[in-house]
Each structure stands twice: as C-alpha cells, then as structure tokens.
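J.: If it helps, the file is called run25.txt and holds compact mmCIF, C-alpha atoms:
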# COMPACT_ATOMS: atom_id res chain seq x y z
CA MET A 1200 34.60 -6.68 -21.70
CA THR A 1201 36.71 -4.56 -19.36
CA ALA A 1202 38.29 -2.85 -22.36
CA THR A 1203 34.85 -1.95 -23.71
CA LEU A 1204 33.79 -0.54 -20.34
CA LYS A 1205 37.03 1.45 -20.19
CA THR A 1206 36.41 2.81 -23.68
CA VAL A 1207 32.97 4.12 -22.75
CA PHE A 1208 33.67 5.31 -19.23
CA SER A 1209 37.03 6.93 -20.02
CA ASN A 1210 34.84 9.79 -21.13
CA PHE A 1211 33.83 11.62 -17.94
CA ARG A 1212 30.41 12.57 -19.36
CA TYR A 1213 29.38 8.89 -19.38
CA VAL A 1214 30.57 8.40 -15.83
CA VAL A 1215 28.39 11.32 -14.75
CA LEU A 1216 25.46 9.92 -16.74
CA ALA A 1217 25.93 6.48 -15.10
CA VAL A 1218 26.07 7.99 -11.61
CA VAL A 1219 22.96 10.11 -12.26
CA ILE A 1220 21.03 7.10 -13.59
CA PHE A 1221 22.17 4.88 -10.69
CA ILE A 1222 21.32 7.38 -7.95
CA SER A 1223 17.96 8.47 -9.40
CA MET A 1224 16.92 4.89 -10.17
CA LEU A 1225 18.02 3.52 -6.79
CA PHE A 1226 16.53 6.39 -4.81
CA GLY A 1227 13.29 6.41 -6.82
CA LEU A 1228 12.77 2.65 -6.49
CA LEU A 1229 13.63 2.61 -2.79
CA LEU A 1230 11.14 5.43 -2.29
CA LEU A 1231 8.38 3.68 -4.29
CA SER A 1232 8.99 0.37 -2.55
CA GLU A 1233 8.98 2.07 0.87
CA TYR A 1234 12.55 1.36 1.87
CA VAL A 1235 13.11 5.12 2.18
CA PHE A 1236 10.74 7.77 3.55
CA LEU A 1237 11.10 11.52 3.35
CA GLU A 1238 8.24 12.58 5.65
CA PRO A 1239 7.95 13.35 8.49
CA TYR A 1240 11.65 12.45 8.80
CA VAL A 1241 14.18 11.15 6.31
CA VAL A 1242 14.52 7.51 7.28
CA SER A 1243 15.45 4.21 5.65
CA HIS A 1244 14.88 0.63 6.71
CA ILE A 1245 14.77 -2.89 5.32
CA PRO A 1246 11.89 -4.78 6.95
CA ASP A 1247 12.36 -8.48 7.64
CA GLY A 1248 11.46 -10.57 4.63
CA THR A 1249 12.06 -7.82 2.07
CA GLU A 1250 15.84 -8.20 1.74
CA PHE A 1251 15.60 -9.98 -1.63
CA GLY A 1252 13.45 -7.19 -3.07
CA PHE A 1253 16.05 -4.68 -1.90
CA LEU A 1254 18.85 -6.66 -3.56
CA LEU A 1255 16.93 -6.78 -6.87
CA ILE A 1256 16.51 -2.99 -6.80
CA VAL A 1257 20.25 -2.50 -6.32
CA ILE A 1258 21.08 -4.92 -9.19
CA LEU A 1259 18.49 -3.25 -11.45
CA SER A 1260 19.94 0.19 -10.74
CA ILE A 1261 23.53 -0.96 -11.37
CA LEU A 1262 22.61 -2.64 -14.67
CA SER A 1263 20.58 0.36 -15.85
CA SER A 1264 23.46 2.69 -15.02
CA LEU A 1265 25.79 0.54 -17.17
CA VAL A 1266 23.53 -0.32 -20.09
CA ILE A 1267 21.97 3.08 -20.79
CA PRO A 1268 25.26 5.12 -20.94
CA MET A 1269 26.85 2.41 -23.11
CA ASN A 1270 23.99 2.66 -25.57
CA VAL A 1271 24.06 6.45 -25.50
CA TYR A 1272 27.76 6.12 -26.38
CA ARG A 1273 26.95 3.76 -29.25
CA ILE A 1274 24.36 6.13 -30.65
CA SER A 1275 26.18 9.41 -30.20
CA ILE A 1276 29.79 8.37 -30.94
CA LEU A 1277 29.36 5.44 -33.29
CA LYS A 1278 26.04 6.58 -34.83
CA SER A 1279 24.57 3.10 -34.31
CA SER A 1280 20.91 2.13 -34.28
CA LYS A 1281 18.71 2.88 -31.28
CA LYS A 1282 17.38 -0.67 -31.03
CA LYS A 1283 19.42 -1.81 -28.01
CA MET A 1284 18.92 1.50 -26.25
CA SER A 1285 15.15 0.92 -26.25
CA GLY A 1286 15.76 -2.58 -24.80
CA GLY A 1287 17.72 -1.06 -21.91
CA ILE A 1288 15.13 1.61 -21.22
CA PHE A 1289 12.33 -0.96 -21.51
CA GLY A 1290 14.08 -3.22 -18.97
CA SER A 1291 14.60 -0.34 -16.56
CA PHE A 1292 11.00 0.81 -16.96
CA ILE A 1293 9.56 -2.66 -16.34
CA GLY A 1294 11.72 -3.08 -13.26
CA ALA A 1295 10.59 0.28 -11.93
CA ALA A 1296 6.91 -0.30 -12.66
CA ALA A 1297 6.96 -3.61 -10.78
CA GLY A 1298 7.46 -1.89 -7.46
CA ALA A 1299 5.31 1.14 -8.06
CA CYS A 1300 1.86 -0.39 -8.32
CA SER A 1301 1.19 -1.72 -4.84
CA CYS A 1302 -0.50 -0.25 -1.78
CA GLY A 1303 1.32 3.07 -2.16
CA PRO A 1304 0.14 6.34 -3.74
CA VAL A 1305 0.86 5.21 -7.33
CA GLY A 1306 -1.25 2.07 -6.99
CA PHE A 1307 -3.95 4.01 -5.19
CA ALA A 1308 -4.05 6.64 -7.97
CA ILE A 1309 -4.24 3.96 -10.68
CA ILE A 1310 -7.06 2.10 -8.92
CA SER A 1311 -8.95 5.32 -8.11
CA THR A 1312 -8.67 6.53 -11.71
CA PHE A 1313 -9.23 3.33 -13.69
CA GLY A 1314 -11.46 1.38 -11.28
CA THR A 1315 -11.65 -2.38 -11.80
CA VAL A 1316 -9.28 -2.36 -14.79
CA GLY A 1317 -6.74 -0.39 -12.75
CA ALA A 1318 -7.17 -2.74 -9.80
CA THR A 1319 -6.60 -5.79 -12.02
CA ALA A 1320 -3.49 -4.28 -13.62
CA SER A 1321 -2.16 -3.12 -10.26
CA SER A 1322 -2.82 -6.53 -8.68
CA PHE A 1323 -0.98 -8.28 -11.52
CA VAL A 1324 2.09 -6.06 -11.22
CA THR A 1325 2.06 -6.35 -7.42
CA ASN A 1326 1.55 -10.12 -7.40
CA PHE A 1327 4.43 -10.68 -9.79
CA GLU A 1328 6.71 -7.92 -8.51
CA ILE A 1329 9.70 -10.19 -7.86
CA PRO A 1330 9.41 -12.28 -11.10
CA ILE A 1331 8.93 -9.07 -13.13
CA ARG A 1332 12.04 -7.52 -11.54
CA ILE A 1333 14.02 -10.72 -12.25
CA ALA A 1334 12.78 -10.64 -15.88
CA ALA A 1335 13.79 -6.97 -16.15
CA ILE A 1336 17.25 -7.84 -14.82
CA GLY A 1337 17.46 -10.71 -17.33
CA LEU A 1338 16.57 -8.32 -20.15
CA LEU A 1339 19.18 -5.81 -19.00
CA VAL A 1340 21.84 -8.54 -18.79
CA ILE A 1341 21.06 -9.60 -22.38
CA VAL A 1342 21.16 -5.98 -23.56
CA TYR A 1343 24.44 -5.50 -21.67
CA TYR A 1344 26.16 -8.46 -23.35
CA THR A 1345 24.87 -7.65 -26.83
CA THR A 1346 25.90 -4.01 -26.36
CA VAL A 1347 29.40 -5.00 -25.24
CA ARG A 1348 29.70 -7.35 -28.22
CA SER A 1349 28.48 -4.81 -30.74
CA LEU A 1350 30.70 -2.11 -29.21
CA LYS A 1351 33.71 -4.41 -29.70
CA ILE A 1352 32.81 -4.99 -33.34
CA GLU A 1353 31.77 -1.42 -34.13
CA CYS A 1354 34.81 0.08 -32.41
CA ARG A 1355 37.08 -2.28 -34.36
CA VAL A 1356 35.37 -1.38 -37.65
CA ASN A 1357 35.50 2.33 -36.91
CA HIS A 1358 39.13 2.03 -35.90
CA LYS A 1359 40.01 0.32 -39.22
CA VAL A 1360 38.08 2.92 -41.20
CA MET B 1203 -62.15 14.57 4.42
CA ASP B 1204 -59.60 17.39 4.08
CA LYS B 1205 -58.29 16.72 7.59
CA ARG B 1206 -57.85 13.04 6.81
CA ILE B 1207 -55.86 13.88 3.69
CA LEU B 1208 -53.78 16.38 5.70
CA PHE B 1209 -53.00 13.89 8.51
CA GLY B 1210 -52.41 11.13 5.99
CA GLY B 1211 -49.98 13.38 4.12
CA ILE B 1212 -48.14 14.29 7.33
CA ALA B 1213 -47.93 10.62 8.35
CA ILE B 1214 -46.45 9.70 4.95
CA LEU B 1215 -43.91 12.56 5.16
CA VAL B 1216 -42.87 11.50 8.67
CA LEU B 1217 -42.49 7.91 7.47
CA ILE B 1218 -40.38 8.99 4.49
CA GLY B 1219 -38.25 11.15 6.81
CA LEU B 1220 -37.69 8.26 9.21
CA VAL B 1221 -36.74 5.91 6.39
CA ALA B 1222 -34.33 8.52 5.00
CA ILE B 1223 -32.72 9.10 8.41
CA PHE B 1224 -32.46 5.37 9.03
CA SER B 1225 -30.91 4.60 5.65
CA THR B 1226 -28.28 7.36 5.82
CA SER B 1227 -27.26 7.31 9.46
CA ASN B 1228 -27.23 3.64 10.31
CA VAL B 1229 -24.30 1.82 8.82
CA GLY B 1230 -24.57 -1.78 9.87
CA ASP B 1231 -25.33 -1.69 13.57
CA ARG B 1232 -23.67 1.65 14.19
CA ASP B 1233 -25.37 4.97 14.57
CA LEU B 1234 -23.60 7.93 12.97
CA SER B 1235 -25.29 10.35 15.35
CA ALA B 1236 -22.98 8.95 18.06
CA ASN B 1237 -19.99 10.38 16.22
CA ARG B 1238 -16.62 9.37 17.66
CA MET B 1239 -13.95 11.87 16.69
CA HIS B 1240 -10.19 11.74 17.12
CA GLY B 1241 -8.78 15.08 16.07
CA SER B 1242 -10.59 15.86 12.85
CA ILE B 1243 -11.07 12.19 11.95
CA SER B 1244 -14.34 10.36 12.43
CA THR B 1245 -13.56 6.88 13.71
CA THR B 1246 -17.17 5.99 14.47
CA MET B 1247 -17.23 3.31 11.79
CA GLY B 1248 -13.75 1.99 12.48
CA SER B 1249 -12.72 -0.61 15.01
CA SER B 1250 -13.27 -0.29 18.72
CA VAL B 1251 -10.47 1.39 20.68
CA LEU B 1252 -7.73 -1.06 21.57
CA GLY B 1253 -5.85 -0.20 24.75
CA ASN B 1254 -6.48 2.47 27.35
CA PRO B 1255 -9.41 4.61 26.14
CA ASP B 1256 -8.07 7.55 28.20
CA ALA B 1257 -4.55 7.32 26.81
CA PRO B 1258 -3.10 10.71 25.79
CA ILE B 1259 -2.26 9.48 22.28
CA THR B 1260 -4.40 7.72 19.68
CA ILE B 1261 -2.88 5.89 16.74
CA ILE B 1262 -5.28 5.52 13.79
CA GLU B 1263 -4.28 3.08 11.07
CA PHE B 1264 -5.96 3.15 7.66
CA GLY B 1265 -5.28 -0.28 6.19
CA ASP B 1266 -6.22 -2.98 3.73
CA TYR B 1267 -6.08 -6.65 4.69
CA GLN B 1268 -4.53 -7.51 1.32
CA CYS B 1269 -1.80 -4.87 1.47
CA HIS B 1270 1.67 -6.38 1.86
CA GLN B 1271 3.07 -3.17 3.34
CA CYS B 1272 0.36 -3.37 6.04
CA TYR B 1273 1.53 -6.93 6.60
CA ASN B 1274 5.12 -5.70 6.95
CA TRP B 1275 4.04 -3.03 9.45
CA PHE B 1276 1.90 -5.49 11.39
CA HIS B 1277 4.81 -7.89 11.80
CA ASN B 1278 7.81 -5.54 12.03
CA THR B 1279 6.68 -2.30 13.67
CA LYS B 1280 3.39 -2.86 15.47
CA PRO B 1281 4.74 -5.25 18.16
CA ALA B 1282 7.27 -2.66 19.44
CA ILE B 1283 4.63 0.11 19.42
CA PHE B 1284 2.22 -2.05 21.39
CA GLN B 1285 4.87 -3.15 23.85
CA ASN B 1286 6.07 0.39 24.60
CA TYR B 1287 3.00 2.57 24.12
CA VAL B 1288 -0.31 0.68 23.95
CA ASP B 1289 0.33 -1.94 26.63
CA THR B 1290 1.77 0.74 28.94
CA GLY B 1291 -1.33 2.93 28.58
CA LYS B 1292 0.42 5.80 26.79
CA ALA B 1293 -1.48 5.26 23.54
CA ASN B 1294 -4.49 3.48 22.15
CA PHE B 1295 -5.08 2.10 18.67
CA ILE B 1296 -7.92 2.22 16.14
CA PHE B 1297 -8.04 0.46 12.76
CA VAL B 1298 -10.05 2.02 9.93
CA ASP B 1299 -10.51 0.27 6.59
CA LEU B 1300 -9.15 1.60 3.35
CA ALA B 1301 -10.09 -1.52 1.43
CA PHE B 1302 -9.15 -0.71 -2.16
CA LEU B 1303 -6.62 -3.24 -3.43
CA GLY B 1304 -8.89 -5.98 -4.78
CA SER B 1305 -12.38 -7.38 -4.74
CA ASP B 1306 -11.62 -9.49 -1.65
CA SER B 1307 -10.46 -6.48 0.37
CA PRO B 1308 -13.91 -5.01 1.24
CA LYS B 1309 -15.19 -8.51 1.97
CA ALA B 1310 -12.36 -9.12 4.44
CA ALA B 1311 -13.08 -5.78 6.13
CA GLN B 1312 -16.78 -6.66 6.39
CA ALA B 1313 -15.87 -10.04 7.87
CA SER B 1314 -13.87 -8.33 10.62
CA TYR B 1315 -17.02 -6.45 11.69
CA CYS B 1316 -19.04 -9.67 11.56
CA ALA B 1317 -16.48 -11.05 14.02
CA GLU B 1318 -16.88 -7.87 16.09
CA ASP B 1319 -20.58 -8.73 16.47
CA GLN B 1320 -19.39 -11.75 18.44
CA GLY B 1321 -16.72 -9.85 20.38
CA LYS B 1322 -13.75 -11.13 18.35
CA TYR B 1323 -12.83 -8.19 16.14
CA TRP B 1324 -9.16 -7.96 17.15
CA GLU B 1325 -8.64 -11.71 17.10
CA TYR B 1326 -10.08 -11.83 13.57
CA HIS B 1327 -8.04 -8.77 12.52
CA ASP B 1328 -4.86 -10.52 13.69
CA VAL B 1329 -5.80 -13.76 11.94
CA LEU B 1330 -6.22 -11.87 8.65
CA TYR B 1331 -2.78 -10.27 8.89
CA VAL B 1332 -1.15 -13.52 9.97
CA SER B 1333 -2.86 -15.44 7.13
CA GLN B 1334 -2.24 -12.87 4.39
CA GLU B 1335 -0.66 -14.29 1.26
CA SER B 1336 1.59 -12.32 -1.07
CA GLN B 1337 -0.85 -12.29 -3.98
CA ILE B 1338 -3.91 -10.03 -4.13
CA ASP B 1339 -7.27 -11.73 -4.83
CA ASN B 1340 -5.70 -15.19 -5.13
CA GLY B 1341 -8.42 -16.64 -2.94
CA TRP B 1342 -6.78 -16.42 0.49
CA ALA B 1343 -9.46 -13.88 1.51
CA SER B 1344 -12.38 -15.40 -0.42
CA SER B 1345 -15.74 -15.78 1.35
CA GLU B 1346 -15.00 -19.45 2.02
CA ARG B 1347 -11.63 -18.68 3.61
CA LEU B 1348 -13.09 -15.79 5.62
CA LYS B 1349 -15.70 -18.21 6.98
CA ALA B 1350 -13.00 -20.77 7.71
CA PHE B 1351 -11.06 -18.18 9.75
CA ALA B 1352 -14.25 -17.45 11.71
CA PHE B 1353 -14.81 -21.16 12.28
CA ASN B 1354 -11.26 -21.57 13.61
CA LEU B 1355 -11.89 -18.74 16.08
CA GLY B 1356 -14.93 -20.58 17.38
CA LEU B 1357 -17.49 -18.03 16.18
CA ASP B 1358 -21.18 -18.88 15.80
CA MET B 1359 -21.14 -19.76 12.12
CA ASP B 1360 -24.84 -19.21 11.49
CA LEU B 1361 -24.56 -15.63 12.70
CA PHE B 1362 -21.27 -15.03 10.92
CA ASN B 1363 -22.40 -16.49 7.59
CA GLU B 1364 -25.63 -14.52 7.67
CA CYS B 1365 -23.72 -11.34 8.44
CA LEU B 1366 -21.11 -11.87 5.70
CA ASP B 1367 -23.50 -13.12 3.00
CA SER B 1368 -25.96 -10.28 3.57
CA GLU B 1369 -23.10 -7.72 3.32
CA LYS B 1370 -24.36 -6.21 6.54
CA TYR B 1371 -21.29 -4.00 6.95
CA SER B 1372 -20.82 -2.99 3.33
CA LYS B 1373 -21.84 0.61 4.00
CA ARG B 1374 -19.67 0.77 7.10
CA VAL B 1375 -16.60 -0.18 5.07
CA GLN B 1376 -17.55 2.28 2.33
CA TYR B 1377 -17.92 5.01 4.94
CA ASN B 1378 -14.42 4.26 6.24
CA ILE B 1379 -12.99 4.41 2.72
CA SER B 1380 -14.61 7.80 2.15
CA GLU B 1381 -13.26 9.01 5.51
CA ALA B 1382 -9.76 7.96 4.43
CA LYS B 1383 -10.10 9.81 1.14
CA LYS B 1384 -11.43 12.88 2.94
CA HIS B 1385 -8.22 13.00 4.95
CA GLU B 1386 -6.06 12.46 1.87
CA VAL B 1387 -4.86 9.02 2.84
CA ASN B 1388 -3.70 7.85 -0.58
CA GLY B 1389 -2.09 4.54 0.24
CA THR B 1390 -1.94 1.87 2.88
CA PRO B 1391 -0.95 1.72 5.59
CA GLY B 1392 -1.60 5.36 6.47
CA PHE B 1393 -1.47 6.61 10.03
CA PHE B 1394 -2.56 9.56 12.08
CA ILE B 1395 -1.07 10.11 15.51
CA ILE B 1396 -3.46 12.23 17.56
CA GLY B 1397 -1.87 13.96 20.52
CA PRO B 1398 -3.38 15.02 23.87
CA ASP B 1399 -4.24 18.50 22.57
CA GLY B 1400 -5.79 17.16 19.39
CA GLN B 1401 -2.68 17.79 17.30
CA GLU B 1402 -2.42 15.44 14.30
CA GLN B 1403 0.63 14.00 12.64
CA GLN B 1404 0.21 11.95 9.49
CA ILE B 1405 2.59 9.10 8.70
CA LYS B 1406 2.45 7.68 5.18
CA GLY B 1407 3.49 4.08 4.63
CA ALA B 1408 4.89 1.26 6.70
CA GLN B 1409 7.47 3.39 8.46
CA PRO B 1410 9.81 1.98 11.11
CA TYR B 1411 9.27 2.11 14.88
CA SER B 1412 11.79 4.94 15.32
CA VAL B 1413 9.49 7.35 13.44
CA PHE B 1414 6.47 6.52 15.60
CA LYS B 1415 8.56 6.75 18.76
CA GLN B 1416 9.94 10.16 17.85
CA ILE B 1417 6.49 11.58 17.12
CA MET B 1418 4.77 10.07 20.15
CA ASP B 1419 7.55 11.06 22.55
CA SER B 1420 7.29 14.64 21.32
CA MET B 1421 3.55 14.62 22.08
CA ILE B 1422 3.60 13.18 25.59
Here is the file; what I need is its structure written in the form of structure tokens.

T.:
Amino acid sequence: MTATLKTVFSNFRYVVLAVVIFISMLFGLLLLSEYVFLEPYVVSHIPDGTEFGFLLIVILSILSSLVIPMNVYRISILKSSKKKMSGGIFGSFIGAAAGACSCGPVGFAIISTFGTVGATASSFVTNFEIPIRIAAIGLLVIVYYTTVRSLKIECRVNHKV
Amino acid sequence: MDKRILFGGIAILVLIGLVAIFSTSNVGDRDLSANRMHGSISTTMGSSVLGNPDAPITIIEFGDYQCHQCYNWFHNTKPAIFQNYVDTGKANFIFVDLAFLGSDSPKAAQASYCAEDQGKYWEYHDVLYVSQESQIDNGWASSERLKAFAFNLGLDMDLFNECLDSEKYSKRVQYNISEAKKHEVNGTPGFFIIGPDGQEQQIKGAQPYSVFKQIMDSMI
C-alpha cells in the first residue's frame, strides 16, 4: 500500500493536486458548515457538540485528496477506465452536499427556489448529515482500497509489458 | 333618491376602505402604523425588546426554531452576550422569525406569539430552543408538542389552543419573513447589530462571541 502511494506521489504534480483538493475541500466544507467565517472578520470555531462533524469533514477531505489524485494517475499514466474516479468524485460530492443544505445560504436558496420540494430535500440532507458523511467516507475508503489494488496489478502488468 | 344613492355609495366606500386598512395593517394583534424601527429594520412584528429598552446597542436575531445553527448559537454564544451586554444594560435583544426550514417552523413561531399573549414569549422561546431536536419536521415542533410546551409553562390552554389553531399570528410571521428577505438575510441565524447612531453591522451565521464583542465594543 505504501509502495503504491509512493509510486503515485513521487510525481510532484500529484502531490500538488492532493494538496489543492485537501485545502479546497476542507476550507469549503468548514465554510459551509459554519466552522469558519470570512465576514465581518476571518474567524474559526468549533461549537460544543459539533466536534464529531468537524472530524468527519477532516477525514472526508483527507480521503478525497488521496483517492482523486490516485485515480487521475490511473487514468492519465496507465490509461485505465474512469469507473473508480467517478466513485471517488461521487463520494466527495455526497459528503460535501450533506453539510451544505442546512440553515445557511445554500439551503435557503434551495428552499426559496424549489419551495416544498426543496424544503423536503434540504430537510432530508440536513437530518441525515452525519450518516450521509459516514456513508461518503465508507465509499471513499472502498474506492481507495480498490484503487490501490488495481494500481498494484496494473503497474505490475505495465512493468512486465 | 339621488342623495340616498350618493350617501349609500360613500358609506360603502368608507366601509371597504376600513376593511382594506384593517386587513393590511393589523397582523395578529399588532398595528403596523405603530412602526418600531431599529436602524432600517422594522421590528414591529418581532418579539418585544429584551433587556434595557434605552440600551445604546440593539441585537436583532433572525432565526428559525428548527435551525440547528440557531440552537448552537443559543447554547454557545448567547449566554456570554447576555451576561456581558444585555444583563449589564449595554445592549438589548429582539428576535424576528425567519421560519423557512420546514412546515413546523412557522407553526412554532406562531406559538411563540400565542405565548406572548399570556406574557410568556421569552420563556416559550427558550423552551423551543432547549427542546429542539436534530431532525427537521420530525414532530418535535408539531401542534401537539407546541401545546404540550405551553401546558408545561402553565399557560391558559383554552386561549393558547384557540390562538394556535386559528393561526392568529400567521400573517405576523409572514411579515417577519418578508422583512428578513428585504434585508437580504439568506440564512439563519442572521444578526444585525444596531449602534447608538443607527449604524448597522450584519453578522451571518452562528458566529462566536468574540465577533459580537469586537463589533459591540467598537460601537459603544
């Protein structure tokens, strides 16, 4: 597993990609979930009782920053299928959406635009925010392991060829 | 004959005018002509002022009783603000509804005004934020539960039930929602800090105490 990670991240471009994904994902999710505020001052805080939600965001960001560059590597270097890549992006997207649709501007815009249907969808995503994030993490873990396994096999095959 | 028709016509017009004025300006028991303004915000239909009415600073919260970020603010930030600013007479506090999250949200807001009729608005407000559950529209703020909260506060249940079932304060809550939208409050909780000279500072979201302190200290 470590060897596979080394193979991918020995290329500096994938390290940069991972850092960009991690920072943008972490910052975006912390902003949406109101752990970070930019106005009127830049400030961050973790209110009591929201520590677990914060931890899930960090895990989600780390996993996304590993899984997506590894799949980009598979596709661009090894010319593999894009199937696992979509799994990684889907997992990241679900995890992000879970925190977006609450009392904040995104939820408000959805409810204002789509009325009752928007309110129902927003309520569902808000009510199951933590389980959805855990499911997204589960999906990313599965994609991570299958990617590592296929990278091992594909790299070996390519090496022999 | 012509005079009778003329007077009859005038009487009908006056009646129509009175009905129109009554239906547009009275929202529940409140009269819009007695407009209470804080900065550019009309708080006439919001809560009563909590704290010193002559305080140099007014904090206006736009909130939803089902919003978990409002719950976070109520439990994590509000106590320190009240201890250092409201209880010391430096600021007062007004709550205005932006009840948008679910079908139980407007009902909960209306119930708070039904409690106000019996002088227990703030007690009821606090009960709602203490009793909030993490899921929206899961029944914690259903009509039955809202009535149970009122019962536990010792309210006259005949008056409360009649008020809630008749949706007496439906228009008042709608007015508050439109006031929030007018001031571009696009999420809850949303705050406006109004200073002694009428200067306004908007705070979006359940921000920590340090942000409120910094703004209010700069205004006093």

J.: For chain A, which residue out of B:Ile1396, B:Ala1382, B:Cys1269, B:Ile1261 is the nearest one, using all atoms listed in the file?

T.: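 Checking each candidate against chain A, we get B:Cys1269 as the closest.
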
J.: So the first atom is atom CA of Asp1367 of chain B and the second is atom CA of Ala1352 of chain B; what is the distance between them in Å, to one decimal place?

T.: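 Answer for the atom CA of Asp1367 of chain B to atom CA of Ala1352 of chain B separation: 13.4 Å.
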
J.: Go through A:Leu1262, A:Val1235, A:Ile1336, A:Leu1255 and flag the residue nearest chain B, using all atoms listed in the file for the distances.

T.: A:Val1235

J.: From the set B:Trp1342, B:Phe1264, B:Phe1362, B:Trp1275, which residue has the shortest atom-to-atom contact distance to chain A, counting all atoms listed in the file?

T.: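 So, comparing all the options, the nearest one is B:Trp1275.
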
J.: Could you write out as a tab-separated table (two decimals) with C-alpha atoms, in the frame of the given file the residues of chain B within 7 Å of chain A, counting only C-alpha atoms?

T.:
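Just written: part22.tsv:
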chain	number	residue	atom	x	y	z
B	1269	CYS	CA	-1.80	-4.87	1.47
B	1271	GLN	CA	3.07	-3.17	3.34
B	1274	ASN	CA	5.12	-5.70	6.95
B	1278	ASN	CA	7.81	-5.54	12.03
B	1303	LEU	CA	-6.62	-3.24	-3.43
B	1304	GLY	CA	-8.89	-5.98	-4.78
B	1336	SER	CA	1.59	-12.32	-1.07
B	1337	GLN	CA	-0.85	-12.29	-3.98
B	1338	ILE	CA	-3.91	-10.03	-4.13
B	1388	ASN	CA	-3.70	7.85	-0.58
B	1389	GLY	CA	-2.09	4.54	0.24
B	1390	THR	CA	-1.94	1.87	2.88
B	1405	ILE	CA	2.59	9.10	8.70
B	1407	GLY	CA	3.49	4.08	4.63
B	1410	PRO	CA	9.81	1.98	11.11

J.: With all atoms listed in the file as the counted atoms, please give the residues lying no more than 8 Å from Phe1351 of chain B, apart from itself and same-chain residues fewer than 4 positions off, as a list in words.

T.: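 With the cut-off at 8 Å, the set is Tyr1326, Val1329, Arg1347 and Leu1355 of chain B.
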
J.: So the first atom is atom CA of Ser1307 of chain B and the second is atom CA of Asn1363 of chain B; what is the distance between them in Å, to one decimal place?

T.: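 Atom CA of Ser1307 of chain B sits 17.2 Å away from atom CA of Asn1363 of chain B.
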
J.: Suppose you want the space between atom CA of Lys1384 of chain B and atom CA of Asp1299 of chain B; what is it in Å?

T.: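 Going from atom CA of Lys1384 of chain B over to atom CA of Asp1299 of chain B covers 13.2 Å.
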
J.: Using only C-alpha atoms, find the one residue out of A:Leu1231, A:Val1219, A:Val1347, A:Val1271 that sits nearest to Ala1202 of chain A.

T.: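 Counting only C-alpha atoms, the residue closest to Ala1202 of chain A is A:Val1347.
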
J.: Between A:Ile1222, A:Leu1229, A:Ala1295, A:Met1269, which residue has the minimum interatomic distance to Arg1348 of chain A, considering only C-alpha atoms?

T.: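 Between A:Ile1222, A:Leu1229, A:Ala1295, A:Met1269, the residue approaching Arg1348 of chain A most closely is A:Met1269.
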
J.: Would you be able to write out as number ranges by chain which residues have an atom within 12 Å of (-6.8, -15.3, 7.9) in the file's coordinates, counting only C-alpha atoms?

T.: B: 1267-1268, 1273, 1310-1311, 1313-1314, 1325-1335, 1341-1355

J.: Mind checking which residues fall within 9 Å of Asn1237 of chain B, counting all atoms listed in the file, ignoring those fewer than 4 positions away in the same chain, and posting them as a PyMOL selection string?

T.: chain B and resi 1233+1244-1247

J.: Box along x, y and z, 6 Å on every side, all listed atoms of segment 1346-1356 of chain B inside: centre and edge lengths in Å to one decimal, as AutoDock Vina command-line options.

T.:
--center_x -13.4 --center_y -18.7 --center_z 9.7 --size_x 16.6 --size_y 17.8 --size_z 27.4

J.: So which residues touch Thr1279 of chain B within 10 Å, counting all atoms listed in the file, skipping near sequence neighbours fewer than 2 positions away, as a PyMOL selection string?

T.: (chain A and resi 1246) or (chain B and resi 1272-1277+1281-1284+1408-1412+1414)

J.: Using only C-alpha atoms, determine which residues lie at most 10 Å from Val1375 of chain B, disregarding the query and same-chain residues fewer than 5 positions distant; provide the list as a list in words.

T.: Val1229, Gly1230, Met1247, Gly1248, Val1298, Asp1299, Leu1300, Ala1301, Ser1307, Pro1308, Lys1309, Ala1310, Ala1311, Gln1312, Tyr1315, Lys1370, Ser1380 and Glu1381 of chain B

J.: Would you put the residues from that selection into a file with C-alpha atoms, as an mmCIF file, in the coordinates of the input?

T.:
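Everything below was put into result16.cif:
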data_model
loop_
_atom_site.group_PDB
_atom_site.id
_atom_site.type_symbol
_atom_site.label_atom_id
_atom_site.label_comp_id
_atom_site.auth_asym_id
_atom_site.auth_seq_id
_atom_site.Cartn_x
_atom_site.Cartn_y
_atom_site.Cartn_z
ATOM 1 C CA VAL B 1229 -24.300 1.820 8.820
ATOM 2 C CA GLY B 1230 -24.570 -1.780 9.870
ATOM 3 C CA MET B 1247 -17.230 3.310 11.790
ATOM 4 C CA GLY B 1248 -13.750 1.990 12.480
ATOM 5 C CA VAL B 1298 -10.050 2.020 9.930
ATOM 6 C CA ASP B 1299 -10.510 0.270 6.590
ATOM 7 C CA LEU B 1300 -9.150 1.600 3.350
ATOM 8 C CA ALA B 1301 -10.090 -1.520 1.430
ATOM 9 C CA SER B 1307 -10.460 -6.480 0.370
ATOM 10 C CA PRO B 1308 -13.910 -5.010 1.240
ATOM 11 C CA LYS B 1309 -15.190 -8.510 1.970
ATOM 12 C CA ALA B 1310 -12.360 -9.120 4.440
ATOM 13 C CA ALA B 1311 -13.080 -5.780 6.130
ATOM 14 C CA GLN B 1312 -16.780 -6.660 6.390
ATOM 15 C CA TYR B 1315 -17.020 -6.450 11.690
ATOM 16 C CA LYS B 1370 -24.360 -6.210 6.540
ATOM 17 C CA SER B 1380 -14.610 7.800 2.150
ATOM 18 C CA GLU B 1381 -13.260 9.010 5.510
#

J.: Would you kindly identify which residues have an atom no farther than 9 Å from (16.1, -5.2, -7.0), using all atoms listed in the file and the file's own coordinates, and write them out as a PyMOL selection string?

T.: chain A and resi 1225+1228+1251-1260+1294+1329+1332-1333+1336
